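Chemist: Just work02.pdb, nothing more (PDB, C-alpha atoms):
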MODEL        1
ATOM      1  CA  MET E   1       0.000   0.000   0.000
ATOM      2  CA  ILE E   2       1.247   3.466  -0.875
ATOM      3  CA  ASN E   3       1.756   5.910   1.959
ATOM      4  CA  LYS E   4      -0.228   9.112   1.811
ATOM      5  CA  ILE E   5       1.939  11.654   0.031
ATOM      6  CA  LYS E   6       2.219  14.912   1.944
ATOM      7  CA  LEU E   7       3.217  18.262   0.488
ATOM      8  CA  SER E   8       6.014  18.362   3.068
ATOM      9  CA  HIS E   9       7.551  15.062   1.894
ATOM     10  CA  THR E  10      10.639  14.886  -0.234
ATOM     11  CA  VAL E  11      10.770  12.142  -2.848
ATOM     12  CA  LYS E  12      14.090  10.324  -3.071
ATOM     13  CA  PRO E  13      15.221   8.079  -5.928
ATOM     14  CA  GLU E  14      16.129   4.524  -4.990
ATOM     15  CA  PRO E  15      19.801   3.722  -5.707
ATOM     16  CA  HIS E  16      18.796   0.770  -7.901
ATOM     17  CA  THR E  17      16.907   3.025 -10.356
ATOM     18  CA  LEU E  18      18.401   3.950 -13.708
ATOM     19  CA  CYS E  19      17.203   6.643 -16.105
ATOM     20  CA  ARG E  20      17.917   6.086 -19.782
ATOM     21  CA  LYS E  21      17.188   8.383 -22.723
ATOM     22  CA  GLU E  22      15.728   6.764 -25.837
ATOM     23  CA  LYS E  23      14.819   8.395 -29.165
ATOM     24  CA  ASN E  24      11.410   9.799 -28.184
ATOM     25  CA  CYS E  25      11.176   9.130 -24.472
ATOM     26  CA  TYR E  26      12.991   8.208 -21.295
ATOM     27  CA  LEU E  27      12.984   4.886 -19.518
ATOM     28  CA  LEU E  28      13.193   4.382 -15.785
ATOM     29  CA  VAL E  29      14.496   0.940 -14.926
ATOM     30  CA  ASN E  30      14.355  -0.665 -11.507
ATOM     31  CA  ARG E  31      17.320  -3.052 -11.441
ATOM     32  CA  LYS E  32      16.018  -4.667  -8.260
ATOM     33  CA  ASN E  33      12.550  -5.785  -9.416
ATOM     34  CA  GLY E  34      12.789  -5.406 -13.202
ATOM     35  CA  ALA E  35      10.093  -2.728 -13.476
ATOM     36  CA  VAL E  36      10.374  -0.412 -16.481
ATOM     37  CA  LEU E  37       8.466   2.844 -16.877
ATOM     38  CA  VAL E  38       8.269   4.864 -20.093
ATOM     39  CA  VAL E  39       8.436   8.536 -19.155
ATOM     40  CA  ASN E  40       7.393  11.591 -21.181
ATOM     41  CA  ASP E  41       8.856  15.103 -20.921
ATOM     42  CA  LEU E  42       6.729  16.053 -17.900
ATOM     43  CA  GLY E  43       7.695  12.839 -16.133
ATOM     44  CA  ILE E  44      11.393  13.389 -16.754
ATOM     45  CA  ASP E  45      11.024  16.978 -15.508
ATOM     46  CA  ILE E  46       9.594  15.612 -12.268
ATOM     47  CA  TRP E  47      12.296  12.931 -12.098
ATOM     48  CA  ASN E  48      15.066  15.505 -12.535
ATOM     49  CA  HIS E  49      13.636  17.725  -9.776
ATOM     50  CA  ILE E  50      13.395  14.807  -7.357
ATOM     51  CA  SER E  51      17.173  14.812  -6.938
ATOM     52  CA  GLU E  52      17.134  18.482  -5.853
ATOM     53  CA  LYS E  53      15.977  17.736  -2.290
ATOM     54  CA  ILE E  54      12.807  19.795  -2.643
ATOM     55  CA  THR E  55       9.440  19.103  -1.108
ATOM     56  CA  VAL E  56       6.469  17.875  -3.081
ATOM     57  CA  GLU E  57       4.928  21.323  -2.627
ATOM     58  CA  GLU E  58       8.015  23.078  -4.039
ATOM     59  CA  LEU E  59       8.043  20.654  -6.963
ATOM     60  CA  VAL E  60       4.363  21.265  -7.713
ATOM     61  CA  LYS E  61       4.921  25.036  -7.654
ATOM     62  CA  LYS E  62       7.931  24.823 -10.003
ATOM     63  CA  LEU E  63       5.974  22.733 -12.494
ATOM     64  CA  MET E  64       2.948  25.004 -12.161
ATOM     65  CA  LYS E  65       5.046  28.000 -13.168
ATOM     66  CA  LYS E  66       6.893  26.211 -15.964
ATOM     67  CA  TYR E  67       3.773  24.755 -17.586
ATOM     68  CA  HIS E  68       1.470  27.704 -16.772
ATOM     69  CA  VAL E  69      -1.209  25.636 -15.043
ATOM     70  CA  ARG E  70      -3.128  26.037 -11.822
ATOM     71  CA  PHE E  71      -1.809  24.600  -8.585
ATOM     72  CA  GLU E  72      -4.578  21.978  -8.419
ATOM     73  CA  LEU E  73      -3.763  20.538 -11.861
ATOM     74  CA  SER E  74      -0.034  20.547 -11.196
ATOM     75  CA  LEU E  75      -0.641  18.819  -7.850
ATOM     76  CA  LYS E  76      -2.926  16.185  -9.388
ATOM     77  CA  GLU E  77      -0.508  15.261 -12.190
ATOM     78  CA  THR E  78       2.566  15.345  -9.948
ATOM     79  CA  LEU E  79       0.960  13.110  -7.317
ATOM     80  CA  LYS E  80      -0.222  10.677  -9.974
ATOM     81  CA  PHE E  81       3.338  10.306 -11.276
ATOM     82  CA  ILE E  82       4.875  10.027  -7.794
ATOM     83  CA  GLU E  83       2.331   7.315  -6.923
ATOM     84  CA  GLU E  84       3.401   5.370 -10.014
ATOM     85  CA  LEU E  85       7.049   5.747  -9.010
ATOM     86  CA  LEU E  86       6.260   4.524  -5.496
ATOM     87  CA  ARG E  87       4.232   1.549  -6.775
ATOM     88  CA  ASN E  88       7.185   0.398  -8.875
ATOM     89  CA  GLU E  89       9.742   1.117  -6.124
ATOM     90  CA  PHE E  90      11.661   3.735  -8.111
ATOM     91  CA  VAL E  91      11.490   6.187  -5.183
ATOM     92  CA  HIS E  92      10.697   6.461  -1.489
ATOM     93  CA  LEU E  93       9.270   9.279   0.646
ATOM     94  CA  GLU E  94      11.087  11.097   3.404
ATOM     95  CA  ASP E  95       9.912  13.687   5.874
ATOM     96  CA  ARG E  96      11.625  16.966   5.226
ATOM     97  CA  VAL E  97      14.388  17.670   7.700
ATOM     98  CA  PRO E  98      14.533  21.381   8.681
TER      99      PRO E  98
ENDMDL
END
Spell out the structure here as structure tokens.

Modeler:
Amino acid sequence: MINKIKLSHTVKPEPHTLCRKEKNCYLLVNRKNGAVLVVNDLGIDIWNHISEKITVEELVKKLMKKYHVRFELSLKETLKFIEELLRNEFVHLEDRVP
């Protein structure tokens, strides 16, 4: 079961996850369980920000500004992608340390 994602969480990549660029997309590969996820430009944007040690809220706001969408839409799409990453064990959640 997936933990409830909080805006204050940071999302950390698992060390066994690889990101690979293909012709028209990116692939995330979990070397531990064999899961593969095809990622579009928005997904790779989220993936790249995950390594910046920012909260989910900060990530949502960055994407909101970049893609010129409302907070609610940015939140919905970001959470949907993070849930997929969690389900396939590409990432884990951490409470933000002050």

Chemist: (11.2, 18.1, -16.2) in this file's frame - what residues fall within 12 Å of it? Use all atoms listed in the file and give the answer as a CSV table (one decimal) with C-alpha atoms, in the coordinates of the input.

Modeler:
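For reference, out-v4.csv as written:
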chain,number,residue,atom,x,y,z
E,26,TYR,CA,13.0,8.2,-21.3
E,39,VAL,CA,8.4,8.5,-19.2
E,40,ASN,CA,7.4,11.6,-21.2
E,41,ASP,CA,8.9,15.1,-20.9
E,42,LEU,CA,6.7,16.1,-17.9
E,43,GLY,CA,7.7,12.8,-16.1
E,44,ILE,CA,11.4,13.4,-16.8
E,45,ASP,CA,11.0,17.0,-15.5
E,46,ILE,CA,9.6,15.6,-12.3
E,47,TRP,CA,12.3,12.9,-12.1
E,48,ASN,CA,15.1,15.5,-12.5
E,49,HIS,CA,13.6,17.7,-9.8
E,50,ILE,CA,13.4,14.8,-7.4
E,51,SER,CA,17.2,14.8,-6.9
E,52,GLU,CA,17.1,18.5,-5.9
E,59,LEU,CA,8.0,20.7,-7.0
E,60,VAL,CA,4.4,21.3,-7.7
E,62,LYS,CA,7.9,24.8,-10.0
E,63,LEU,CA,6.0,22.7,-12.5
E,64,MET,CA,2.9,25.0,-12.2
E,66,LYS,CA,6.9,26.2,-16.0
E,67,TYR,CA,3.8,24.8,-17.6
E,78,THR,CA,2.6,15.3,-9.9

Chemist: Could you check which of E:Leu75, E:Ile82, E:Leu93, E:Val29 is closest to E:His16, using only C-alpha atoms?

Modeler: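 Answer, going by the shortest atom-to-atom distance: E:Val29.
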
Chemist: Applied to this file, what does the PyMOL selection byres ((chain E and resi 94) around 10) return in terms of residues, put as a VMD selection string?

Modeler: chain E and resid 5 to 6 8 to 12 55 91 to 93 95 to 97

Chemist: Step by step, work through what the PyMOL selection byres ((chain E and resi 37) around 9) selects in the shown file, and finish by giving those residues as a PyMOL selection string.

Modeler: chain E and resi 26-30+35-36+38-39+84-85+88

Chemist: Mind pulling up the distance from atom CA of E:Leu7 to atom CA of E:Gly34?

Modeler: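 The value is 29.0 Å.
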
Chemist: By how many Å are atom CA of E:Val56 and atom CA of E:Val69 apart?

Modeler: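 That distance, rounded to one decimal, is 16.2 Å.
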
Chemist: Calculate how many Å separate atom CA of E:Pro13 from atom CA of E:Lys76, rounding to one decimal.

Modeler: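 Atom-to-atom, atom CA of E:Pro13 and atom CA of E:Lys76 are spaced 20.2 Å apart.
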
Chemist: For stretch 17-50 of chain E, supply N, CA and C atoms and format the output as a PDB file, in the frame of the given file.

Modeler:
ATOM      1  N   THR E  17      17.677   2.502  -9.227  1.00  0.00           N
ATOM      2  CA  THR E  17      16.907   3.025 -10.356  1.00  0.00           C
ATOM      3  C   THR E  17      17.829   3.702 -11.360  1.00  0.00           C
ATOM      4  N   LEU E  18      17.649   3.334 -12.615  1.00  0.00           N
ATOM      5  CA  LEU E  18      18.401   3.950 -13.708  1.00  0.00           C
ATOM      6  C   LEU E  18      17.458   4.751 -14.593  1.00  0.00           C
ATOM      7  N   CYS E  19      17.948   5.853 -15.132  1.00  0.00           N
ATOM      8  CA  CYS E  19      17.203   6.643 -16.105  1.00  0.00           C
ATOM      9  C   CYS E  19      17.972   6.586 -17.415  1.00  0.00           C
ATOM     10  N   ARG E  20      17.266   6.234 -18.484  1.00  0.00           N
ATOM     11  CA  ARG E  20      17.917   6.086 -19.782  1.00  0.00           C
ATOM     12  C   ARG E  20      17.138   6.829 -20.854  1.00  0.00           C
ATOM     13  N   LYS E  21      17.828   7.639 -21.641  1.00  0.00           N
ATOM     14  CA  LYS E  21      17.188   8.383 -22.723  1.00  0.00           C
ATOM     15  C   LYS E  21      17.117   7.505 -23.970  1.00  0.00           C
ATOM     16  N   GLU E  22      15.944   7.450 -24.562  1.00  0.00           N
ATOM     17  CA  GLU E  22      15.728   6.764 -25.837  1.00  0.00           C
ATOM     18  C   GLU E  22      15.430   7.832 -26.881  1.00  0.00           C
ATOM     19  N   LYS E  23      15.077   7.426 -28.094  1.00  0.00           N
ATOM     20  CA  LYS E  23      14.819   8.395 -29.165  1.00  0.00           C
ATOM     21  C   LYS E  23      13.730   9.400 -28.800  1.00  0.00           C
ATOM     22  N   ASN E  24      12.555   8.910 -28.399  1.00  0.00           N
ATOM     23  CA  ASN E  24      11.410   9.799 -28.184  1.00  0.00           C
ATOM     24  C   ASN E  24      10.903   9.815 -26.751  1.00  0.00           C
ATOM     25  N   CYS E  25      11.646   9.213 -25.852  1.00  0.00           N
ATOM     26  CA  CYS E  25      11.176   9.130 -24.472  1.00  0.00           C
ATOM     27  C   CYS E  25      12.348   8.809 -23.545  1.00  0.00           C
ATOM     28  N   TYR E  26      12.023   8.652 -22.294  1.00  0.00           N
ATOM     29  CA  TYR E  26      12.991   8.208 -21.295  1.00  0.00           C
ATOM     30  C   TYR E  26      12.456   6.925 -20.677  1.00  0.00           C
ATOM     31  N   LEU E  27      13.362   6.096 -20.219  1.00  0.00           N
ATOM     32  CA  LEU E  27      12.984   4.886 -19.518  1.00  0.00           C
ATOM     33  C   LEU E  27      13.548   4.944 -18.108  1.00  0.00           C
ATOM     34  N   LEU E  28      12.722   4.608 -17.142  1.00  0.00           N
ATOM     35  CA  LEU E  28      13.193   4.382 -15.785  1.00  0.00           C
ATOM     36  C   LEU E  28      13.214   2.877 -15.598  1.00  0.00           C
ATOM     37  N   VAL E  29      14.325   2.375 -15.096  1.00  0.00           N
ATOM     38  CA  VAL E  29      14.496   0.940 -14.926  1.00  0.00           C
ATOM     39  C   VAL E  29      14.847   0.654 -13.473  1.00  0.00           C
ATOM     40  N   ASN E  30      14.083  -0.225 -12.866  1.00  0.00           N
ATOM     41  CA  ASN E  30      14.355  -0.665 -11.507  1.00  0.00           C
ATOM     42  C   ASN E  30      15.157  -1.956 -11.615  1.00  0.00           C
ATOM     43  N   ARG E  31      16.442  -1.878 -11.319  1.00  0.00           N
ATOM     44  CA  ARG E  31      17.320  -3.052 -11.441  1.00  0.00           C
ATOM     45  C   ARG E  31      17.023  -4.108 -10.380  1.00  0.00           C
ATOM     46  N   LYS E  32      16.319  -3.730  -9.342  1.00  0.00           N
ATOM     47  CA  LYS E  32      16.018  -4.667  -8.260  1.00  0.00           C
ATOM     48  C   LYS E  32      14.827  -5.580  -8.603  1.00  0.00           C
ATOM     49  N   ASN E  33      13.745  -4.984  -9.153  1.00  0.00           N
ATOM     50  CA  ASN E  33      12.550  -5.785  -9.416  1.00  0.00           C
ATOM     51  C   ASN E  33      12.200  -5.914 -10.903  1.00  0.00           C
ATOM     52  N   GLY E  34      13.002  -5.282 -11.764  1.00  0.00           N
ATOM     53  CA  GLY E  34      12.789  -5.406 -13.202  1.00  0.00           C
ATOM     54  C   GLY E  34      11.729  -4.493 -13.792  1.00  0.00           C
ATOM     55  N   ALA E  35      11.126  -3.639 -12.974  1.00  0.00           N
ATOM     56  CA  ALA E  35      10.093  -2.728 -13.476  1.00  0.00           C
ATOM     57  C   ALA E  35      10.709  -1.713 -14.435  1.00  0.00           C
ATOM     58  N   VAL E  36       9.961  -1.415 -15.499  1.00  0.00           N
ATOM     59  CA  VAL E  36      10.374  -0.412 -16.481  1.00  0.00           C
ATOM     60  C   VAL E  36       9.207   0.546 -16.672  1.00  0.00           C
ATOM     61  N   LEU E  37       9.489   1.834 -16.688  1.00  0.00           N
ATOM     62  CA  LEU E  37       8.466   2.844 -16.877  1.00  0.00           C
ATOM     63  C   LEU E  37       8.889   3.769 -18.004  1.00  0.00           C
ATOM     64  N   VAL E  38       8.027   3.924 -19.003  1.00  0.00           N
ATOM     65  CA  VAL E  38       8.269   4.864 -20.093  1.00  0.00           C
ATOM     66  C   VAL E  38       7.812   6.231 -19.616  1.00  0.00           C
ATOM     67  N   VAL E  39       8.684   7.218 -19.732  1.00  0.00           N
ATOM     68  CA  VAL E  39       8.436   8.536 -19.155  1.00  0.00           C
ATOM     69  C   VAL E  39       8.457   9.599 -20.247  1.00  0.00           C
ATOM     70  N   ASN E  40       7.442  10.482 -20.226  1.00  0.00           N
ATOM     71  CA  ASN E  40       7.393  11.591 -21.181  1.00  0.00           C
ATOM     72  C   ASN E  40       8.170  12.786 -20.626  1.00  0.00           C
ATOM     73  N   ASP E  41       8.094  13.911 -21.328  1.00  0.00           N
ATOM     74  CA  ASP E  41       8.856  15.103 -20.921  1.00  0.00           C
ATOM     75  C   ASP E  41       8.455  15.613 -19.536  1.00  0.00           C
ATOM     76  N   LEU E  42       7.166  15.617 -19.224  1.00  0.00           N
ATOM     77  CA  LEU E  42       6.729  16.053 -17.900  1.00  0.00           C
ATOM     78  C   LEU E  42       7.266  15.108 -16.834  1.00  0.00           C
ATOM     79  N   GLY E  43       7.189  13.823 -17.089  1.00  0.00           N
ATOM     80  CA  GLY E  43       7.695  12.839 -16.133  1.00  0.00           C
ATOM     81  C   GLY E  43       9.178  12.994 -15.878  1.00  0.00           C
ATOM     82  N   ILE E  44       9.947  13.241 -16.936  1.00  0.00           N
ATOM     83  CA  ILE E  44      11.393  13.389 -16.754  1.00  0.00           C
ATOM     84  C   ILE E  44      11.707  14.704 -16.037  1.00  0.00           C
ATOM     85  N   ASP E  45      10.878  15.726 -16.257  1.00  0.00           N
ATOM     86  CA  ASP E  45      11.024  16.978 -15.508  1.00  0.00           C
ATOM     87  C   ASP E  45      10.857  16.713 -14.019  1.00  0.00           C
ATOM     88  N   ILE E  46       9.829  15.961 -13.665  1.00  0.00           N
ATOM     89  CA  ILE E  46       9.594  15.612 -12.268  1.00  0.00           C
ATOM     90  C   ILE E  46      10.762  14.785 -11.746  1.00  0.00           C
ATOM     91  N   TRP E  47      11.187  13.796 -12.517  1.00  0.00           N
ATOM     92  CA  TRP E  47      12.296  12.931 -12.098  1.00  0.00           C
ATOM     93  C   TRP E  47      13.554  13.754 -11.828  1.00  0.00           C
ATOM     94  N   ASN E  48      13.862  14.685 -12.709  1.00  0.00           N
ATOM     95  CA  ASN E  48      15.066  15.505 -12.535  1.00  0.00           C
ATOM     96  C   ASN E  48      14.982  16.383 -11.288  1.00  0.00           C
ATOM     97  N   HIS E  49      13.796  16.885 -10.968  1.00  0.00           N
ATOM     98  CA  HIS E  49      13.636  17.725  -9.776  1.00  0.00           C
ATOM     99  C   HIS E  49      13.727  16.917  -8.491  1.00  0.00           C
ATOM    100  N   ILE E  50      13.380  15.641  -8.555  1.00  0.00           N
ATOM    101  CA  ILE E  50      13.395  14.807  -7.357  1.00  0.00           C
ATOM    102  C   ILE E  50      14.779  14.791  -6.711  1.00  0.00           C
TER     103      ILE E  50
END
